[in-house]
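Structure data (mmCIF, N, CA and C atoms) from model.cif:
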data_model
loop_
_atom_site.label_atom_id
_atom_site.label_comp_id
_atom_site.auth_asym_id
_atom_site.auth_seq_id
_atom_site.Cartn_x
_atom_site.Cartn_y
_atom_site.Cartn_z
N MET Y 860 -11.54 -7.42 2.00
CA MET Y 860 -12.41 -8.44 1.48
C MET Y 860 -11.75 -9.07 0.25
N GLU Y 861 -11.70 -10.39 0.22
CA GLU Y 861 -11.07 -11.10 -0.89
C GLU Y 861 -11.71 -10.72 -2.21
N ASN Y 862 -10.88 -10.54 -3.21
CA ASN Y 862 -11.26 -10.18 -4.57
C ASN Y 862 -11.79 -8.76 -4.73
N SER Y 863 -11.75 -7.93 -3.66
CA SER Y 863 -12.15 -6.55 -3.86
C SER Y 863 -11.08 -5.87 -4.72
N VAL Y 864 -11.52 -4.94 -5.53
CA VAL Y 864 -10.64 -4.27 -6.48
C VAL Y 864 -10.75 -2.77 -6.27
N TRP Y 865 -9.60 -2.09 -6.35
CA TRP Y 865 -9.64 -0.64 -6.30
C TRP Y 865 -8.58 -0.06 -7.20
N LEU Y 866 -8.83 1.17 -7.60
CA LEU Y 866 -7.90 1.91 -8.44
C LEU Y 866 -7.35 3.08 -7.64
N ARG Y 867 -6.12 3.44 -7.95
CA ARG Y 867 -5.49 4.52 -7.19
C ARG Y 867 -4.65 5.35 -8.17
N ILE Y 868 -4.68 6.65 -7.96
CA ILE Y 868 -3.76 7.55 -8.64
C ILE Y 868 -2.76 7.99 -7.58
N ARG Y 869 -1.50 7.75 -7.85
CA ARG Y 869 -0.46 8.09 -6.87
C ARG Y 869 0.45 9.15 -7.47
N GLN Y 870 0.64 10.22 -6.71
CA GLN Y 870 1.54 11.28 -7.13
C GLN Y 870 2.69 11.36 -6.15
N THR Y 871 3.91 11.18 -6.66
CA THR Y 871 5.12 11.28 -5.84
C THR Y 871 6.08 12.21 -6.55
N ASN Y 872 6.40 13.30 -5.89
CA ASN Y 872 7.27 14.32 -6.49
C ASN Y 872 6.72 14.70 -7.86
N ASN Y 873 7.44 14.44 -8.93
CA ASN Y 873 6.99 14.82 -10.28
C ASN Y 873 6.45 13.65 -11.07
N GLU Y 874 6.21 12.52 -10.43
CA GLU Y 874 5.72 11.33 -11.12
C GLU Y 874 4.29 11.01 -10.70
N VAL Y 875 3.53 10.52 -11.67
CA VAL Y 875 2.14 10.13 -11.42
C VAL Y 875 1.96 8.72 -11.97
N GLU Y 876 1.30 7.86 -11.20
CA GLU Y 876 1.02 6.51 -11.70
C GLU Y 876 -0.41 6.12 -11.38
N LEU Y 877 -0.94 5.27 -12.24
CA LEU Y 877 -2.26 4.69 -12.04
C LEU Y 877 -2.02 3.27 -11.56
N ASN Y 878 -2.77 2.85 -10.55
CA ASN Y 878 -2.52 1.57 -9.90
C ASN Y 878 -3.83 0.82 -9.74
N TYR Y 879 -3.81 -0.45 -10.12
CA TYR Y 879 -4.93 -1.38 -9.93
C TYR Y 879 -4.50 -2.37 -8.86
N LYS Y 880 -5.37 -2.60 -7.86
CA LYS Y 880 -5.08 -3.59 -6.82
C LYS Y 880 -6.28 -4.52 -6.67
N LYS Y 881 -5.96 -5.81 -6.54
CA LYS Y 881 -7.00 -6.81 -6.27
C LYS Y 881 -6.57 -7.56 -5.02
N GLN Y 882 -7.42 -7.53 -4.01
CA GLN Y 882 -7.13 -8.15 -2.72
C GLN Y 882 -7.11 -9.67 -2.85
N SER Y 883 -6.11 -10.29 -2.25
CA SER Y 883 -6.05 -11.75 -2.25
C SER Y 883 -6.75 -12.30 -1.01
N ALA Y 884 -6.73 -13.60 -0.86
CA ALA Y 884 -7.34 -14.24 0.31
C ALA Y 884 -6.62 -13.81 1.58
N LEU Y 885 -5.33 -13.54 1.50
CA LEU Y 885 -4.57 -13.06 2.65
C LEU Y 885 -4.65 -11.54 2.67
N LYS Y 886 -5.13 -10.99 3.77
CA LYS Y 886 -5.50 -9.58 3.83
C LYS Y 886 -4.43 -8.61 3.34
N MET Y 887 -3.18 -8.82 3.69
CA MET Y 887 -2.15 -7.84 3.35
C MET Y 887 -1.44 -8.15 2.03
N GLU Y 888 -1.95 -9.08 1.27
CA GLU Y 888 -1.39 -9.37 -0.04
C GLU Y 888 -2.37 -8.94 -1.11
N SER Y 889 -1.82 -8.48 -2.24
CA SER Y 889 -2.69 -8.09 -3.34
C SER Y 889 -1.96 -8.21 -4.66
N GLU Y 890 -2.74 -8.42 -5.70
CA GLU Y 890 -2.22 -8.37 -7.06
C GLU Y 890 -2.19 -6.90 -7.46
N GLU Y 891 -1.12 -6.46 -8.08
CA GLU Y 891 -1.02 -5.05 -8.46
C GLU Y 891 -0.55 -4.91 -9.90
N ILE Y 892 -1.14 -3.94 -10.58
CA ILE Y 892 -0.68 -3.50 -11.89
C ILE Y 892 -0.56 -1.99 -11.80
N GLU Y 893 0.61 -1.47 -12.14
CA GLU Y 893 0.78 -0.02 -12.09
C GLU Y 893 1.60 0.46 -13.27
N PHE Y 894 1.30 1.68 -13.69
CA PHE Y 894 2.03 2.26 -14.81
C PHE Y 894 1.96 3.78 -14.71
N GLY Y 895 2.93 4.42 -15.31
CA GLY Y 895 3.00 5.87 -15.26
C GLY Y 895 1.99 6.53 -16.18
N VAL Y 896 1.50 7.68 -15.75
CA VAL Y 896 0.64 8.53 -16.56
C VAL Y 896 1.24 9.93 -16.54
N THR Y 897 0.82 10.77 -17.47
CA THR Y 897 1.45 12.09 -17.58
C THR Y 897 0.83 13.15 -16.70
N SER Y 898 -0.41 12.94 -16.25
CA SER Y 898 -1.09 13.99 -15.51
C SER Y 898 -2.03 13.42 -14.45
N TYR Y 899 -1.89 13.89 -13.22
CA TYR Y 899 -2.80 13.50 -12.13
C TYR Y 899 -4.22 13.91 -12.48
N ASP Y 900 -4.39 15.16 -12.94
CA ASP Y 900 -5.73 15.68 -13.24
C ASP Y 900 -6.40 14.90 -14.37
N LYS Y 901 -5.64 14.56 -15.42
CA LYS Y 901 -6.22 13.80 -16.52
C LYS Y 901 -6.58 12.37 -16.08
N ALA Y 902 -5.73 11.75 -15.26
CA ALA Y 902 -6.03 10.41 -14.75
C ALA Y 902 -7.30 10.45 -13.90
N ASN Y 903 -7.42 11.47 -13.07
CA ASN Y 903 -8.61 11.63 -12.22
C ASN Y 903 -9.85 11.84 -13.08
N ALA Y 904 -9.75 12.69 -14.12
CA ALA Y 904 -10.88 12.92 -15.02
C ALA Y 904 -11.26 11.64 -15.76
N PHE Y 905 -10.26 10.87 -16.17
CA PHE Y 905 -10.51 9.60 -16.86
C PHE Y 905 -11.30 8.64 -15.97
N LEU Y 906 -10.85 8.47 -14.73
CA LEU Y 906 -11.56 7.57 -13.82
C LEU Y 906 -12.97 8.08 -13.51
N SER Y 907 -13.11 9.40 -13.37
CA SER Y 907 -14.45 9.98 -13.14
C SER Y 907 -15.37 9.71 -14.32
N ALA Y 908 -14.84 9.82 -15.54
CA ALA Y 908 -15.63 9.56 -16.74
C ALA Y 908 -16.09 8.11 -16.80
N LEU Y 909 -15.31 7.21 -16.18
CA LEU Y 909 -15.69 5.79 -16.15
C LEU Y 909 -16.65 5.48 -14.99
N GLY Y 910 -16.98 6.49 -14.19
CA GLY Y 910 -17.94 6.30 -13.10
C GLY Y 910 -17.32 6.08 -11.73
N PHE Y 911 -16.00 6.17 -11.62
CA PHE Y 911 -15.34 6.02 -10.33
C PHE Y 911 -15.34 7.36 -9.61
N HIS Y 912 -15.31 7.31 -8.28
CA HIS Y 912 -15.25 8.55 -7.49
C HIS Y 912 -14.21 8.38 -6.38
N LYS Y 913 -13.72 9.51 -5.89
CA LYS Y 913 -12.71 9.48 -4.83
C LYS Y 913 -13.35 8.97 -3.55
N TRP Y 914 -12.70 8.00 -2.95
CA TRP Y 914 -13.17 7.43 -1.69
C TRP Y 914 -12.43 8.06 -0.52
N VAL Y 915 -11.11 8.12 -0.64
CA VAL Y 915 -10.30 8.66 0.45
C VAL Y 915 -8.99 9.16 -0.15
N GLU Y 916 -8.37 10.12 0.52
CA GLU Y 916 -7.06 10.62 0.10
C GLU Y 916 -6.06 10.36 1.20
N VAL Y 917 -4.95 9.74 0.84
CA VAL Y 917 -3.89 9.43 1.79
C VAL Y 917 -2.71 10.34 1.48
N LYS Y 918 -2.30 11.13 2.48
CA LYS Y 918 -1.13 11.98 2.34
C LYS Y 918 -0.05 11.46 3.27
N LYS Y 919 1.10 11.13 2.68
CA LYS Y 919 2.16 10.56 3.50
C LYS Y 919 3.52 10.97 2.97
N VAL Y 920 4.48 10.90 3.87
CA VAL Y 920 5.88 11.04 3.52
C VAL Y 920 6.50 9.67 3.74
N ARG Y 921 7.21 9.17 2.73
CA ARG Y 921 7.75 7.82 2.81
C ARG Y 921 9.26 7.86 2.59
N ARG Y 922 9.97 7.14 3.45
CA ARG Y 922 11.40 6.92 3.29
C ARG Y 922 11.62 5.43 3.10
N TYR Y 923 12.61 5.08 2.29
CA TYR Y 923 12.84 3.68 1.92
C TYR Y 923 14.16 3.17 2.47
N SER Y 924 14.17 1.87 2.76
CA SER Y 924 15.38 1.16 3.10
C SER Y 924 15.19 -0.29 2.65
N GLN Y 925 16.20 -1.11 2.87
CA GLN Y 925 16.09 -2.51 2.49
C GLN Y 925 16.84 -3.36 3.49
N TYR Y 926 16.31 -4.56 3.74
CA TYR Y 926 16.93 -5.54 4.61
C TYR Y 926 16.76 -6.90 3.95
N LYS Y 927 17.87 -7.51 3.59
CA LYS Y 927 17.85 -8.78 2.86
C LYS Y 927 16.96 -8.63 1.62
N ASP Y 928 15.95 -9.48 1.46
CA ASP Y 928 15.05 -9.35 0.30
C ASP Y 928 13.74 -8.66 0.67
N CYS Y 929 13.82 -7.76 1.63
CA CYS Y 929 12.64 -7.07 2.15
C CYS Y 929 12.79 -5.56 1.96
N ASN Y 930 11.79 -4.94 1.36
CA ASN Y 930 11.74 -3.49 1.31
C ASN Y 930 11.15 -2.97 2.62
N ILE Y 931 11.74 -1.92 3.15
CA ILE Y 931 11.26 -1.30 4.38
C ILE Y 931 10.81 0.11 4.05
N CYS Y 932 9.59 0.45 4.41
CA CYS Y 932 9.05 1.79 4.20
C CYS Y 932 8.78 2.41 5.56
N LEU Y 933 9.32 3.57 5.77
CA LEU Y 933 9.08 4.35 6.98
C LEU Y 933 8.12 5.47 6.59
N ASP Y 934 6.88 5.35 7.05
CA ASP Y 934 5.82 6.26 6.62
C ASP Y 934 5.36 7.18 7.74
N SER Y 935 5.17 8.42 7.39
CA SER Y 935 4.51 9.38 8.27
C SER Y 935 3.22 9.77 7.55
N VAL Y 936 2.08 9.32 8.08
CA VAL Y 936 0.79 9.45 7.40
C VAL Y 936 -0.06 10.51 8.11
N GLU Y 937 -0.46 11.50 7.33
CA GLU Y 937 -1.31 12.57 7.88
C GLU Y 937 -2.58 11.97 8.48
N ARG Y 938 -2.93 12.40 9.67
CA ARG Y 938 -4.10 11.97 10.45
C ARG Y 938 -3.93 10.62 11.14
N LEU Y 939 -2.84 9.87 10.82
CA LEU Y 939 -2.67 8.54 11.42
C LEU Y 939 -1.41 8.42 12.26
N GLY Y 940 -0.31 9.01 11.83
CA GLY Y 940 0.94 8.89 12.57
C GLY Y 940 2.02 8.20 11.78
N ASP Y 941 2.97 7.57 12.49
CA ASP Y 941 4.14 6.96 11.88
C ASP Y 941 4.05 5.44 11.87
N PHE Y 942 4.55 4.84 10.78
CA PHE Y 942 4.45 3.40 10.59
C PHE Y 942 5.71 2.85 9.94
N VAL Y 943 5.96 1.57 10.18
CA VAL Y 943 6.99 0.82 9.46
C VAL Y 943 6.25 -0.24 8.65
N GLU Y 944 6.52 -0.28 7.36
CA GLU Y 944 5.89 -1.28 6.50
C GLU Y 944 6.98 -2.15 5.90
N LEU Y 945 6.81 -3.45 6.03
CA LEU Y 945 7.74 -4.41 5.44
C LEU Y 945 7.05 -5.07 4.26
N GLU Y 946 7.79 -5.22 3.16
CA GLU Y 946 7.18 -5.77 1.95
C GLU Y 946 8.18 -6.67 1.24
N LEU Y 947 7.73 -7.88 0.95
CA LEU Y 947 8.50 -8.79 0.11
C LEU Y 947 7.96 -8.70 -1.31
N LEU Y 948 8.84 -8.56 -2.26
CA LEU Y 948 8.42 -8.59 -3.66
C LEU Y 948 8.78 -9.96 -4.18
N ILE Y 949 7.76 -10.79 -4.36
CA ILE Y 949 7.99 -12.18 -4.75
C ILE Y 949 7.23 -12.48 -6.04
N PRO Y 950 7.75 -13.42 -6.83
CA PRO Y 950 7.01 -13.84 -8.03
C PRO Y 950 5.62 -14.35 -7.63
N GLU Y 951 4.66 -14.09 -8.49
CA GLU Y 951 3.25 -14.41 -8.20
C GLU Y 951 3.04 -15.86 -7.78
N LYS Y 952 3.71 -16.79 -8.40
CA LYS Y 952 3.46 -18.20 -8.13
C LYS Y 952 4.44 -18.83 -7.15
N GLU Y 953 5.32 -18.03 -6.56
CA GLU Y 953 6.29 -18.59 -5.61
C GLU Y 953 5.56 -19.03 -4.35
N ASN Y 954 5.86 -20.22 -3.89
CA ASN Y 954 5.14 -20.80 -2.76
C ASN Y 954 5.97 -20.65 -1.47
N ILE Y 955 5.80 -19.51 -0.79
CA ILE Y 955 6.47 -19.31 0.50
C ILE Y 955 5.44 -18.80 1.50
N ASP Y 956 5.77 -18.94 2.77
CA ASP Y 956 4.91 -18.39 3.81
C ASP Y 956 5.31 -16.93 4.00
N TYR Y 957 4.67 -16.08 3.22
CA TYR Y 957 4.94 -14.65 3.16
C TYR Y 957 4.89 -14.02 4.55
N GLU Y 958 3.82 -14.28 5.27
CA GLU Y 958 3.62 -13.67 6.59
C GLU Y 958 4.69 -14.12 7.58
N ALA Y 959 5.02 -15.40 7.60
CA ALA Y 959 6.03 -15.90 8.54
C ALA Y 959 7.39 -15.27 8.26
N LYS Y 960 7.72 -15.12 6.99
CA LYS Y 960 9.00 -14.52 6.63
C LYS Y 960 9.05 -13.05 7.06
N LEU Y 961 7.97 -12.32 6.85
CA LEU Y 961 7.92 -10.92 7.28
C LEU Y 961 8.01 -10.78 8.80
N LEU Y 962 7.32 -11.64 9.52
CA LEU Y 962 7.36 -11.60 10.98
C LEU Y 962 8.76 -11.92 11.50
N ALA Y 963 9.45 -12.85 10.84
CA ALA Y 963 10.82 -13.18 11.24
C ALA Y 963 11.73 -11.97 11.02
N TYR Y 964 11.58 -11.29 9.88
CA TYR Y 964 12.38 -10.09 9.63
C TYR Y 964 12.06 -9.00 10.65
N ALA Y 965 10.79 -8.83 10.98
CA ALA Y 965 10.42 -7.82 11.97
C ALA Y 965 11.11 -8.09 13.30
N GLN Y 966 11.13 -9.34 13.71
CA GLN Y 966 11.80 -9.69 14.97
C GLN Y 966 13.30 -9.45 14.87
N GLU Y 967 13.92 -9.79 13.74
CA GLU Y 967 15.35 -9.54 13.55
C GLU Y 967 15.67 -8.05 13.63
N LEU Y 968 14.73 -7.21 13.19
CA LEU Y 968 14.92 -5.76 13.19
C LEU Y 968 14.43 -5.10 14.48
N ASN Y 969 14.03 -5.92 15.45
CA ASN Y 969 13.51 -5.42 16.74
C ASN Y 969 12.28 -4.53 16.59
N ILE Y 970 11.42 -4.89 15.65
CA ILE Y 970 10.14 -4.19 15.48
C ILE Y 970 9.12 -4.89 16.36
N ASP Y 971 8.42 -4.12 17.18
CA ASP Y 971 7.44 -4.67 18.12
C ASP Y 971 6.21 -5.14 17.36
N ILE Y 972 6.11 -6.45 17.15
CA ILE Y 972 4.99 -6.97 16.37
C ILE Y 972 3.68 -7.04 17.16
N THR Y 973 3.73 -6.74 18.46
CA THR Y 973 2.47 -6.68 19.22
C THR Y 973 1.66 -5.45 18.83
N LYS Y 974 2.31 -4.48 18.16
CA LYS Y 974 1.61 -3.28 17.70
C LYS Y 974 1.26 -3.36 16.21
N ARG Y 975 1.32 -4.56 15.69
CA ARG Y 975 1.06 -4.81 14.27
C ARG Y 975 -0.36 -4.43 13.90
N ILE Y 976 -0.51 -3.77 12.75
CA ILE Y 976 -1.81 -3.36 12.24
C ILE Y 976 -2.02 -4.03 10.89
N ASN Y 977 -3.09 -4.78 10.77
CA ASN Y 977 -3.40 -5.47 9.51
C ASN Y 977 -4.49 -4.72 8.76
N SER Y 978 -4.17 -3.50 8.38
CA SER Y 978 -5.13 -2.70 7.63
C SER Y 978 -4.35 -1.79 6.70
N HIS Y 979 -5.04 -1.20 5.77
CA HIS Y 979 -4.43 -0.27 4.83
C HIS Y 979 -4.71 1.16 5.29
N TYR Y 980 -3.82 2.08 4.93
CA TYR Y 980 -3.98 3.47 5.35
C TYR Y 980 -5.32 4.04 4.90
N ASP Y 981 -5.73 3.74 3.67
CA ASP Y 981 -6.99 4.29 3.17
C ASP Y 981 -8.17 3.81 4.01
N THR Y 982 -8.16 2.55 4.40
CA THR Y 982 -9.24 2.02 5.24
C THR Y 982 -9.22 2.68 6.61
N MET Y 983 -8.05 2.81 7.19
CA MET Y 983 -7.95 3.42 8.52
C MET Y 983 -8.41 4.88 8.49
N ILE Y 984 -8.05 5.62 7.44
CA ILE Y 984 -8.49 7.01 7.33
C ILE Y 984 -10.00 7.08 7.15
N SER Y 985 -10.55 6.18 6.32
CA SER Y 985 -12.00 6.20 6.06
C SER Y 985 -12.80 5.92 7.33
N GLU Y 986 -12.20 5.22 8.30
CA GLU Y 986 -12.90 4.89 9.53
C GLU Y 986 -12.75 5.95 10.61
N LEU Y 987 -11.95 7.00 10.35
CA LEU Y 987 -11.79 8.09 11.32
C LEU Y 987 -13.04 8.96 11.33
N PRO Y 988 -13.36 9.54 12.50
CA PRO Y 988 -14.46 10.50 12.51
C PRO Y 988 -14.04 11.76 11.75
N ASP Y 989 -15.00 12.43 11.13
CA ASP Y 989 -14.68 13.64 10.37
C ASP Y 989 -14.22 14.71 11.24
#
Take the structure from the file and write it as C-alpha cells.
Amino acid sequence: MENSVWLRIRQTNNEVELNYKKQSALKMESEEIEFGVTSYDKANAFLSALGFHKWVEVKKVRRYSQYKDCNICLDSVERLGDFVELELLIPEKENIDYEAKLLAYAQELNIDITKRINSHYDTMISELPD
C-alpha cells in the first residue's frame, strides 16, 4: 500500500541495523533509512517502548553478486524457498524506468520472469497458514 511505513531490525552475522521503509506508489520501490545499532535486544525493547510490536520474522540466507549497475541477491528464505532479487540503487530523484531496466537485466541473465513475484518476504510469510 502506497505510503505504508514499517520499521525493521535486521541482524546479519555480528551486525545489527534499524531500518525505516516507506512504500512508494510503485509496489517494489521504497524509501529507506537505515543505520547501525549496538544491540538487537535493545533495539527491539526501544521499538516496543514506542508501541510497536513484532509482525513477522524473516529468516534467510543471502548471497550477493553484481551485474552492471544491478545488485543480485540469491536468497534462501525459511518457509518460502529460494529467490533471486534484483535491485538497482539509484539516486532518489533520478528519472528512469526502474522496472523496465530490471526486467531487461533479468532477461539478459536468463531469469524466468514468468515466475516473478511482486511481494515482500514478510508479506508472503504473514499470509502462510500457521
Using the chain letters and numbers from the file, which residues does the PyMOL selection byres ((chain Y and resi 866-881) around 5) grab, as a VMD selection string?
chain Y and resid 863 to 865 882 to 883 889 to 896
Same residues, N, CA and C atoms, saved as a CSV table (one decimal), in the coordinates of the input:
chain,number,residue,atom,x,y,z
Y,863,SER,N,-11.8,-7.9,-3.7
Y,863,SER,CA,-12.2,-6.6,-3.9
Y,863,SER,C,-11.1,-5.9,-4.7
Y,864,VAL,N,-11.5,-4.9,-5.5
Y,864,VAL,CA,-10.6,-4.3,-6.5
Y,864,VAL,C,-10.8,-2.8,-6.3
Y,865,TRP,N,-9.6,-2.1,-6.4
Y,865,TRP,CA,-9.6,-0.6,-6.3
Y,865,TRP,C,-8.6,-0.1,-7.2
Y,882,GLN,N,-7.4,-7.5,-4.0
Y,882,GLN,CA,-7.1,-8.2,-2.7
Y,882,GLN,C,-7.1,-9.7,-2.8
Y,883,SER,N,-6.1,-10.3,-2.2
Y,883,SER,CA,-6.0,-11.8,-2.2
Y,883,SER,C,-6.8,-12.3,-1.0
Y,889,SER,N,-1.8,-8.5,-2.2
Y,889,SER,CA,-2.7,-8.1,-3.3
Y,889,SER,C,-2.0,-8.2,-4.7
Y,890,GLU,N,-2.7,-8.4,-5.7
Y,890,GLU,CA,-2.2,-8.4,-7.1
Y,890,GLU,C,-2.2,-6.9,-7.5
Y,891,GLU,N,-1.1,-6.5,-8.1
Y,891,GLU,CA,-1.0,-5.0,-8.5
Y,891,GLU,C,-0.6,-4.9,-9.9
Y,892,ILE,N,-1.1,-3.9,-10.6
Y,892,ILE,CA,-0.7,-3.5,-11.9
Y,892,ILE,C,-0.6,-2.0,-11.8
Y,893,GLU,N,0.6,-1.5,-12.1
Y,893,GLU,CA,0.8,0.0,-12.1
Y,893,GLU,C,1.6,0.5,-13.3
Y,894,PHE,N,1.3,1.7,-13.7
Y,894,PHE,CA,2.0,2.3,-14.8
Y,894,PHE,C,2.0,3.8,-14.7
Y,895,GLY,N,2.9,4.4,-15.3
Y,895,GLY,CA,3.0,5.9,-15.3
Y,895,GLY,C,2.0,6.5,-16.2
Y,896,VAL,N,1.5,7.7,-15.8
Y,896,VAL,CA,0.6,8.5,-16.6
Y,896,VAL,C,1.2,9.9,-16.5
Taking the file as I've supplied it (selection: the PyMOL selection byres ((chain Y and resi 959-971) around 8)), which residues are included? Please answer as a VMD selection string.
chain Y and resid 926 929 945 to 947 955 to 958 972 to 975
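Atom to atom, atom CA of Y:Lys913 and atom CA of Y:Asp900 stand 12.6 Å apart.
Counting from atom N of Y:Val936, the distance to atom C of Y:His912 is 21.8 Å.
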Restricting to all atoms listed in the file, whichever of Y:Asp934, Y:Asp941, Y:Glu986, Y:Asp981 is closest to Y:Arg921 is Y:Asp934
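You will find atom CA of Y:Leu906 at 29.6 Å from atom C of Y:Ile931.
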I'd like the box whose edges run along x, y and z of the file and which contains every listed atom of stretch 930-938 of chain Y, padded by 6 Å per side; could you state its centre and edge lengths in Å, one decimal, as AutoDock Vina command-line options?
--center_x 3.8 --center_y 3.8 --center_z 6.2 --size_x 27.9 --size_y 29.5 --size_z 21.8
So what does the PyMOL selection byres ((chain Y and resi 919) around 6) actually pick up in this one, as a ChimeraX atom specification?
/Y:917-918,920-921,935-937
Shell of 7 Å around Y:Cys932, only C-alpha atoms, local chain residues under 6 positions omitted, as a PyMOL selection string:
chain Y and resi 921-924+943-945
Could you give me, as an MDAnalysis selection string, each residue of stretch 901-989 of chain Y that DSSP assigns to strand (DSSP E) when run on this structure's backbone?
chainID Y and resid 919:926 929:936 940:947
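The residue that comes closest to Y:Ser985, out of Y:Val915, Y:Leu948, Y:Leu909, Y:Leu939 and on the basis of all atoms listed in the file, is Y:Val915.
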Could you pull out the alpha helix (DSSP H) residues of stretch 880-977 of chain Y, going by DSSP on the backbone, and write them as a PyMOL selection string?
chain Y and resi 899-908+957-967
Taking N, CA and C atoms for each residue, export the selection above as a short mmCIF file (atom, residue, chain, number, x, y, z; two decimals), in the frame of the given file.
data_model
loop_
_atom_site.label_atom_id
_atom_site.label_comp_id
_atom_site.auth_asym_id
_atom_site.auth_seq_id
_atom_site.Cartn_x
_atom_site.Cartn_y
_atom_site.Cartn_z
N TYR Y 899 -1.89 13.89 -13.22
CA TYR Y 899 -2.80 13.50 -12.13
C TYR Y 899 -4.22 13.91 -12.48
N ASP Y 900 -4.39 15.16 -12.94
CA ASP Y 900 -5.73 15.68 -13.24
C ASP Y 900 -6.40 14.90 -14.37
N LYS Y 901 -5.64 14.56 -15.42
CA LYS Y 901 -6.22 13.80 -16.52
C LYS Y 901 -6.58 12.37 -16.08
N ALA Y 902 -5.73 11.75 -15.26
CA ALA Y 902 -6.03 10.41 -14.75
C ALA Y 902 -7.30 10.45 -13.90
N ASN Y 903 -7.42 11.47 -13.07
CA ASN Y 903 -8.61 11.63 -12.22
C ASN Y 903 -9.85 11.84 -13.08
N ALA Y 904 -9.75 12.69 -14.12
CA ALA Y 904 -10.88 12.92 -15.02
C ALA Y 904 -11.26 11.64 -15.76
N PHE Y 905 -10.26 10.87 -16.17
CA PHE Y 905 -10.51 9.60 -16.86
C PHE Y 905 -11.30 8.64 -15.97
N LEU Y 906 -10.85 8.47 -14.73
CA LEU Y 906 -11.56 7.57 -13.82
C LEU Y 906 -12.97 8.08 -13.51
N SER Y 907 -13.11 9.40 -13.37
CA SER Y 907 -14.45 9.98 -13.14
C SER Y 907 -15.37 9.71 -14.32
N ALA Y 908 -14.84 9.82 -15.54
CA ALA Y 908 -15.63 9.56 -16.74
C ALA Y 908 -16.09 8.11 -16.80
N TYR Y 957 4.67 -16.08 3.22
CA TYR Y 957 4.94 -14.65 3.16
C TYR Y 957 4.89 -14.02 4.55
N GLU Y 958 3.82 -14.28 5.27
CA GLU Y 958 3.62 -13.67 6.59
C GLU Y 958 4.69 -14.12 7.58
N ALA Y 959 5.02 -15.40 7.60
CA ALA Y 959 6.03 -15.90 8.54
C ALA Y 959 7.39 -15.27 8.26
N LYS Y 960 7.72 -15.12 6.99
CA LYS Y 960 9.00 -14.52 6.63
C LYS Y 960 9.05 -13.05 7.06
N LEU Y 961 7.97 -12.32 6.85
CA LEU Y 961 7.92 -10.92 7.28
C LEU Y 961 8.01 -10.78 8.80
N LEU Y 962 7.32 -11.64 9.52
CA LEU Y 962 7.36 -11.60 10.98
C LEU Y 962 8.76 -11.92 11.50
N ALA Y 963 9.45 -12.85 10.84
CA ALA Y 963 10.82 -13.18 11.24
C ALA Y 963 11.73 -11.97 11.02
N TYR Y 964 11.58 -11.29 9.88
CA TYR Y 964 12.38 -10.09 9.63
C TYR Y 964 12.06 -9.00 10.65
N ALA Y 965 10.79 -8.83 10.98
CA ALA Y 965 10.42 -7.82 11.97
C ALA Y 965 11.11 -8.09 13.30
N GLN Y 966 11.13 -9.34 13.71
CA GLN Y 966 11.80 -9.69 14.97
C GLN Y 966 13.30 -9.45 14.87
N GLU Y 967 13.92 -9.79 13.74
CA GLU Y 967 15.35 -9.54 13.55
C GLU Y 967 15.67 -8.05 13.63
#
